[in-house]
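Source file final.tsv; content: TSV, C-alpha atoms.
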```
chain	number	residue	atom	x	y	z
A	1	MET	CA	96.16	99.15	103.79
A	2	LYS	CA	97.93	101.19	106.43
A	3	PRO	CA	100.08	99.12	108.82
A	4	ILE	CA	99.17	98.99	112.50
A	5	ILE	CA	102.10	99.84	114.75
A	6	GLY	CA	102.02	99.12	118.47
A	7	VAL	CA	103.56	101.82	120.65
A	8	THR	CA	104.83	101.31	124.19
A	9	VAL	CA	103.75	103.73	126.89
A	10	ASP	CA	105.05	105.20	130.14
A	11	LYS	CA	103.42	104.88	133.57
A	12	ILE	CA	103.03	107.63	136.16
A	13	ARG	CA	101.16	107.96	139.43
A	14	GLY	CA	98.99	110.92	140.39
A	15	ASP	CA	95.78	111.59	142.29
A	16	SER	CA	96.13	108.13	143.86
A	17	TYR	CA	95.83	106.51	140.42
A	18	ASN	CA	98.28	104.98	137.95
A	19	TYR	CA	98.16	106.47	134.45
A	20	GLN	CA	99.67	105.07	131.27
A	21	LYS	CA	100.60	107.84	128.87
A	22	LEU	CA	102.50	108.84	125.75
A	23	ASN	CA	103.67	112.14	124.32
A	24	GLU	CA	101.41	112.73	121.31
A	25	CYS	CA	104.38	113.64	119.08
A	26	ASN	CA	105.13	109.90	118.91
A	27	LEU	CA	101.68	109.22	117.51
A	28	LYS	CA	101.84	112.14	115.08
A	29	ALA	CA	105.17	110.95	113.69
A	30	LEU	CA	103.59	107.58	112.94
A	31	THR	CA	100.32	108.90	111.51
A	32	ASP	CA	102.20	111.40	109.34
A	33	SER	CA	104.24	108.45	108.06
A	34	GLY	CA	101.15	106.51	107.02
A	35	ALA	CA	100.67	104.20	110.02
A	36	ILE	CA	97.81	103.47	112.37
A	37	PRO	CA	99.40	103.67	115.85
A	38	ILE	CA	97.86	101.93	118.84
A	39	MET	CA	99.08	102.31	122.40
A	40	LEU	CA	99.96	99.03	124.12
A	41	PRO	CA	99.09	98.94	127.85
A	42	ILE	CA	101.80	97.52	130.10
A	43	THR	CA	101.13	93.92	131.06
A	44	GLY	CA	102.95	90.90	132.45
A	45	ASP	CA	100.48	88.49	130.82
A	46	ASP	CA	102.31	86.46	128.18
A	47	ALA	CA	99.07	85.51	126.44
A	48	LEU	CA	98.04	89.16	126.15
A	49	ILE	CA	101.45	90.08	124.78
A	50	GLY	CA	100.92	87.39	122.16
A	51	ASP	CA	97.53	88.91	121.37
A	52	TYR	CA	99.16	92.31	120.89
A	53	LEU	CA	101.59	90.81	118.39
A	54	ASN	CA	98.75	89.17	116.47
A	55	ILE	CA	97.16	92.59	115.99
A	56	VAL	CA	100.13	94.78	115.05
A	57	ASP	CA	102.39	94.81	112.00
A	58	GLY	CA	105.32	96.48	113.76
A	59	LEU	CA	106.47	97.94	117.07
A	60	TYR	CA	107.70	101.31	118.25
A	61	PHE	CA	109.46	101.37	121.64
A	62	SER	CA	109.12	104.90	122.99
A	63	GLY	CA	111.28	106.87	125.41
A	64	GLY	CA	110.93	107.00	129.18
A	65	ASN	CA	112.58	106.18	132.50
A	66	ASP	CA	115.80	104.31	133.25
A	67	ILE	CA	116.11	100.57	132.73
A	68	ASP	CA	116.65	98.27	135.70
A	69	PRO	CA	120.38	97.33	135.74
A	70	LEU	CA	119.51	93.80	136.84
A	71	THR	CA	118.14	93.42	133.31
A	72	PHE	CA	121.73	93.34	132.07
A	73	GLY	CA	123.28	91.68	135.13
A	74	GLU	CA	124.41	94.67	137.20
A	75	ASP	CA	123.53	96.17	140.56
A	76	PRO	CA	122.47	99.83	140.45
A	77	ILE	CA	124.92	102.66	141.00
A	78	LYS	CA	123.83	105.68	143.00
A	79	GLU	CA	123.19	107.76	139.87
A	80	ILE	CA	120.40	105.48	138.62
A	81	GLY	CA	117.11	107.29	138.06
A	82	ALA	CA	113.44	106.32	138.24
A	83	ILE	CA	112.62	102.74	137.20
A	84	ASP	CA	109.31	101.12	136.33
A	85	TYR	CA	109.98	97.41	136.77
A	86	SER	CA	106.68	96.37	135.23
A	87	ARG	CA	107.42	98.34	132.08
A	88	ASP	CA	110.90	96.84	131.81
A	89	GLU	CA	109.54	93.31	132.16
A	90	PHE	CA	106.78	93.93	129.63
A	91	GLU	CA	108.96	95.56	127.00
A	92	ILE	CA	111.70	92.93	127.20
A	93	LYS	CA	109.13	90.17	126.73
A	94	LEU	CA	107.44	92.10	123.93
A	95	PHE	CA	110.71	92.74	122.12
A	96	ARG	CA	111.94	89.17	122.32
A	97	LYS	CA	108.66	87.71	121.07
A	98	ALA	CA	108.46	90.25	118.25
A	99	ALA	CA	112.10	89.77	117.23
A	100	SER	CA	111.55	86.01	117.05
A	101	LYS	CA	108.85	86.73	114.46
A	102	ASN	CA	111.15	89.10	112.53
A	103	MET	CA	108.65	91.90	113.12
A	104	PRO	CA	109.80	95.42	112.14
A	105	ILE	CA	110.87	97.33	115.27
A	106	LEU	CA	111.98	100.89	115.96
A	107	GLY	CA	113.30	102.04	119.35
A	108	ILE	CA	113.75	105.68	120.38
A	109	CYS	CA	116.06	106.69	123.29
A	110	ARG	CA	115.00	104.29	126.07
A	111	GLY	CA	113.60	102.13	123.27
A	112	ALA	CA	117.06	101.73	121.74
A	113	GLN	CA	118.38	100.74	125.15
A	114	VAL	CA	115.57	98.20	125.60
A	115	ILE	CA	116.48	96.62	122.27
A	116	ASN	CA	120.12	96.27	123.27
A	117	ALA	CA	119.44	94.99	126.79
A	118	ALA	CA	116.73	92.55	125.66
A	119	ALA	CA	119.06	91.19	122.97
A	120	GLY	CA	121.84	90.54	125.51
A	121	GLY	CA	123.84	93.77	125.52
A	122	THR	CA	124.66	96.12	128.40
A	123	LEU	CA	124.11	99.79	129.20
A	124	TYR	CA	125.89	102.62	130.89
A	125	GLN	CA	123.73	103.28	133.93
A	126	ASP	CA	125.02	106.85	133.90
A	127	ILE	CA	127.38	107.99	131.15
A	128	TYR	CA	128.75	110.86	133.23
A	129	ALA	CA	129.77	108.58	136.12
A	130	GLN	CA	130.94	105.60	134.06
A	131	LYS	CA	132.67	107.00	130.96
A	132	GLU	CA	135.44	109.57	130.80
A	133	GLY	CA	135.30	112.59	128.54
A	134	VAL	CA	131.55	112.60	128.00
A	135	ASN	CA	129.95	115.74	126.62
A	136	GLY	CA	126.49	117.03	127.51
A	137	HIS	CA	123.69	114.64	126.53
A	138	SER	CA	120.90	115.72	128.88
A	139	PRO	CA	120.39	119.49	128.67
A	140	ASN	CA	117.85	121.14	130.93
A	141	PHE	CA	117.59	124.25	128.77
A	142	SER	CA	116.45	122.83	125.45
A	143	SER	CA	113.03	122.52	123.90
A	144	GLY	CA	112.91	119.13	122.27
A	145	GLY	CA	112.68	120.15	118.64
A	146	TYR	CA	116.12	121.76	118.44
A	147	ALA	CA	119.48	120.13	117.75
A	148	HIS	CA	121.96	119.83	120.64
A	149	HIS	CA	125.00	117.90	119.37
A	150	LYS	CA	126.46	116.18	116.31
A	151	VAL	CA	126.45	112.50	115.38
A	152	LYS	CA	128.35	110.54	112.75
A	153	ILE	CA	126.37	107.85	110.93
A	154	ILE	CA	128.12	104.76	109.59
A	155	LYS	CA	127.61	104.51	105.83
A	156	ASP	CA	127.26	100.73	105.78
A	157	SER	CA	123.95	100.77	107.64
A	158	LYS	CA	120.20	100.87	107.19
A	159	LEU	CA	120.17	104.16	109.07
A	160	TYR	CA	122.47	105.78	106.51
A	161	ASN	CA	120.34	104.39	103.68
A	162	ILE	CA	117.30	105.98	105.32
A	163	LEU	CA	118.77	109.41	106.04
A	164	GLN	CA	121.33	109.61	103.19
A	165	ASN	CA	123.66	111.59	105.41
A	166	ASP	CA	126.72	110.64	107.45
A	167	LYS	CA	126.64	113.71	109.73
A	168	LEU	CA	123.64	115.13	111.55
A	169	ASN	CA	122.81	117.54	114.32
A	170	ILE	CA	120.40	115.87	116.73
A	171	ASN	CA	118.67	116.54	120.04
A	172	SER	CA	119.56	114.64	123.21
A	173	PHE	CA	117.81	113.74	126.47
A	174	HIS	CA	119.52	110.82	128.21
A	175	HIS	CA	122.05	109.77	130.83
A	176	GLN	CA	121.95	106.03	130.07
A	177	ALA	CA	123.30	104.66	126.79
A	178	VAL	CA	124.33	101.48	125.01
A	179	LYS	CA	127.64	100.13	126.37
A	180	ASP	CA	128.38	96.62	125.07
A	181	VAL	CA	126.42	96.02	121.88
A	182	ALA	CA	124.35	92.83	121.82
A	183	GLU	CA	125.51	89.96	119.65
A	184	GLY	CA	123.93	90.18	116.22
A	185	TYR	CA	123.78	93.99	116.36
A	186	LYS	CA	126.10	96.72	115.18
A	187	VAL	CA	126.70	100.37	115.99
A	188	THR	CA	125.45	102.69	113.27
A	189	ALA	CA	125.97	106.15	114.81
A	190	TYR	CA	128.32	107.78	117.35
A	191	ALA	CA	128.48	111.13	119.09
A	192	GLU	CA	131.80	112.98	118.98
A	193	ASP	CA	132.61	111.78	122.52
A	194	GLY	CA	132.15	108.12	121.54
A	195	ILE	CA	128.68	107.59	122.99
A	196	ILE	CA	126.71	105.16	120.84
A	197	GLU	CA	123.78	106.95	119.22
A	198	ALA	CA	122.24	104.18	117.07
A	199	ILE	CA	122.29	100.41	116.65
A	200	GLU	CA	120.64	97.95	114.29
A	201	SER	CA	120.27	94.22	113.89
A	202	VAL	CA	122.35	92.44	111.28
A	203	ASN	CA	120.02	89.42	111.30
A	204	HIS	CA	116.52	90.92	111.23
A	205	SER	CA	114.92	92.71	108.30
A	206	PHE	CA	114.30	95.90	110.32
A	207	VAL	CA	115.30	96.42	113.96
A	208	ILE	CA	116.74	99.89	114.55
A	209	GLY	CA	117.35	101.87	117.73
A	210	VAL	CA	118.31	105.55	117.85
A	211	GLN	CA	119.33	107.34	121.04
A	212	TRP	CA	117.95	110.76	120.12
A	213	HIS	CA	114.31	111.86	119.64
A	214	PRO	CA	113.36	112.28	115.97
A	215	GLU	CA	109.68	112.39	116.96
A	216	LEU	CA	110.40	115.79	118.55
A	217	MET	CA	112.38	117.06	115.56
A	218	PHE	CA	110.57	116.00	112.41
A	219	GLU	CA	108.20	118.97	112.21
A	220	ARG	CA	111.14	121.38	112.19
A	221	TYR	CA	113.60	119.11	110.34
A	222	SER	CA	111.62	116.97	107.89
A	223	MET	CA	114.45	114.49	107.27
A	224	PHE	CA	113.77	112.88	110.64
A	225	LEU	CA	110.33	111.72	109.50
A	226	LYS	CA	112.19	109.32	107.17
A	227	ILE	CA	113.01	107.13	110.19
A	228	PHE	CA	109.32	106.56	110.87
A	229	GLU	CA	108.52	106.18	107.19
A	230	ALA	CA	111.18	103.45	107.02
A	231	LEU	CA	109.42	101.56	109.82
A	232	VAL	CA	106.09	101.89	108.00
A	233	ASN	CA	107.64	100.72	104.71
A	234	ALA	CA	109.24	97.74	106.46
A	235	CYS	CA	105.81	96.76	107.81
A	236	LEU	CA	104.21	97.11	104.36
A	237	LYS	CA	106.96	95.01	102.78
A	238	LYS	CA	106.56	92.27	105.37
A	239	ASN	CA	102.80	92.21	104.84
A	240	ILE	CA	103.31	91.79	101.07
A	241	GLU	CA	105.67	88.87	101.71
A	242	LYS	CA	103.18	87.03	103.92
```
What would you get if you wrote out this structure as structure tokens?
Amino acid sequence: MKPIIGVTVDKIRGDSYNYQKLNECNLKALTDSGAIPIMLPITGDDALIGDYLNIVDGLYFSGGNDIDPLTFGEDPIKEIGAIDYSRDEFEIKLFRKAASKNMPILGICRGAQVINAAAGGTLYQDIYAQKEGVNGHSPNFSSGGYAHHKVKIIKDSKLYNILQNDKLNINSFHHQAVKDVAEGYKVTAYAEDGIIEAIESVNHSFVIGVQWHPELMFERYSMFLKIFEALVNACLKKNIEK
């Protein structure tokens, strides 16, 4: 049976209404990998979050806006971007409850940052303002499916086992990034300028965060679908073990 994977969504306001939305490439990456994706509406209701986790076999934390610096104990600097406080609160609760159940989890871009912040790590609020020698990570001239810079993947990692490659060209759309890695997690990929591009848990069966956007690349570069297939396989394995 195909695993059900819950996907977090973004929130925007228009026409005097709030809309919760998701780029369909996220859903296609999951369906092409053999999953049944369902979008999880933002909520602060702990009981409803528990209901979500009773339905799904795994979680996919999608990209989106900046994360509130108070989440990791800092006041905002002037370069901070748009924040949705309700989404931050929801996703941190969702992650912590899911991680306590050892549920398979994948985070993309903002999703990787949510994983690190929710697990007790910190973020660069703006890599250009807070870290010297940073290269370009947020181009305004790129269509999402094309590579923008190189990353080095650590061989002793789940990510390397998935991709079977220690050097990749990836896309990039971010100005926040993992700073201090949460306890129980390790760095599994770096950009040439030292920016952390992937992390994973050393204690959970499958919790991986990548800073780039494989969901935008997999149709042009098929190797990136392996990341989503690994999430699906982790869900299937956990279901067999139940």
Item checked: Nearest to Asp180 of chain A, chosen from A:Asn161, A:Asn23, A:Thr8, A:Thr122, with all atoms listed in the file counted in the distances ->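 Using all atoms listed in the file, the shortest distance to Asp180 of chain A belongs to A:Thr122.
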Item checked: Point-to-point distance in Å for atom CA of Gly194 of chain A and atom CA of Ala147 of chain A ->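 Calculated distance between atom CA of Ala147 of chain A and atom CA of Gly194 of chain A is 17.9 Å.
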Next item on the list: Mind giving me the straight-line distance from atom CA of Met217 of chain A to atom CA of His148 of chain A in Å, one decimal?
Entry: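 Calculated distance between atom CA of Met217 of chain A and atom CA of His148 of chain A is 11.2 Å.
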Next item on the list: Work out how far atom CA of Leu168 of chain A is from atom CA of Gly6 of chain A, in Å to one decimal.
Entry: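 Separation between atom CA of Gly6 of chain A and atom CA of Leu168 of chain A: 27.8 Å.
With only C-alpha atoms as the atoms that count, the minimum distance from Gln125 of chain A to the choices A:Arg220, A:Lys179, A:Lys101, A:His204 is reached by A:Lys179.
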Item checked: Top pick for closest residue to Ile49 of chain A, considering A:Gln164, A:Val151, A:Ala98, A:Val134 and counting only C-alpha atoms ->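 The answer is A:Ala98, which sits nearest to Ile49 of chain A.
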What would segment 190-211 of chain A look like with N, CA and C atoms restored, written as a tab-separated table (two decimals), in the coordinates of the input?
```tsv
chain	number	residue	atom	x	y	z
A	190	TYR	N	127.58	107.37	116.15
A	190	TYR	CA	128.32	107.78	117.35
A	190	TYR	C	128.20	109.29	117.54
A	191	ALA	N	128.24	109.72	118.79
A	191	ALA	CA	128.48	111.13	119.09
A	191	ALA	C	129.98	111.39	119.05
A	192	GLU	N	130.38	112.64	119.06
A	192	GLU	CA	131.80	112.98	118.98
A	192	GLU	C	132.58	112.47	120.19
A	193	ASP	N	131.93	112.28	121.33
A	193	ASP	CA	132.61	111.78	122.52
A	193	ASP	C	132.62	110.26	122.61
A	194	GLY	N	132.13	109.58	121.58
A	194	GLY	CA	132.15	108.12	121.54
A	194	GLY	C	130.89	107.45	122.03
A	195	ILE	N	129.94	108.19	122.55
A	195	ILE	CA	128.68	107.59	122.99
A	195	ILE	C	127.94	107.04	121.79
A	196	ILE	N	127.45	105.81	121.91
A	196	ILE	CA	126.71	105.16	120.84
A	196	ILE	C	125.34	105.82	120.69
A	197	GLU	N	125.02	106.23	119.48
A	197	GLU	CA	123.78	106.95	119.22
A	197	GLU	C	122.78	106.16	118.37
A	198	ALA	N	123.18	105.02	117.82
A	198	ALA	CA	122.24	104.18	117.07
A	198	ALA	C	122.82	102.78	116.91
A	199	ILE	N	121.92	101.80	116.90
A	199	ILE	CA	122.29	100.41	116.65
A	199	ILE	C	121.25	99.81	115.71
A	200	GLU	N	121.62	98.70	115.08
A	200	GLU	CA	120.64	97.95	114.29
A	200	GLU	C	121.03	96.49	114.23
A	201	SER	N	120.04	95.66	114.01
A	201	SER	CA	120.27	94.22	113.89
A	201	SER	C	120.88	93.88	112.54
A	202	VAL	N	121.79	92.92	112.54
A	202	VAL	CA	122.35	92.44	111.28
A	202	VAL	C	121.63	91.18	110.81
A	203	ASN	N	120.70	90.67	111.62
A	203	ASN	CA	120.02	89.42	111.30
A	203	ASN	C	118.54	89.59	110.99
A	204	HIS	N	117.94	90.68	111.46
A	204	HIS	CA	116.52	90.92	111.23
A	204	HIS	C	116.34	91.89	110.06
A	205	SER	N	115.16	91.85	109.46
A	205	SER	CA	114.92	92.71	108.30
A	205	SER	C	114.89	94.18	108.69
A	206	PHE	N	114.34	94.51	109.89
A	206	PHE	CA	114.30	95.90	110.32
A	206	PHE	C	114.17	95.96	111.84
A	207	VAL	N	115.29	96.11	112.52
A	207	VAL	CA	115.30	96.42	113.96
A	207	VAL	C	116.34	97.51	114.15
A	208	ILE	N	115.87	98.72	114.44
A	208	ILE	CA	116.74	99.89	114.55
A	208	ILE	C	116.44	100.62	115.85
A	209	GLY	N	117.51	101.04	116.54
A	209	GLY	CA	117.35	101.87	117.73
A	209	GLY	C	118.18	103.13	117.58
A	210	VAL	N	117.57	104.29	117.85
A	210	VAL	CA	118.31	105.55	117.85
A	210	VAL	C	118.19	106.21	119.22
A	211	GLN	N	119.28	106.81	119.68
A	211	GLN	CA	119.33	107.34	121.04
A	211	GLN	C	118.66	108.71	121.15
```
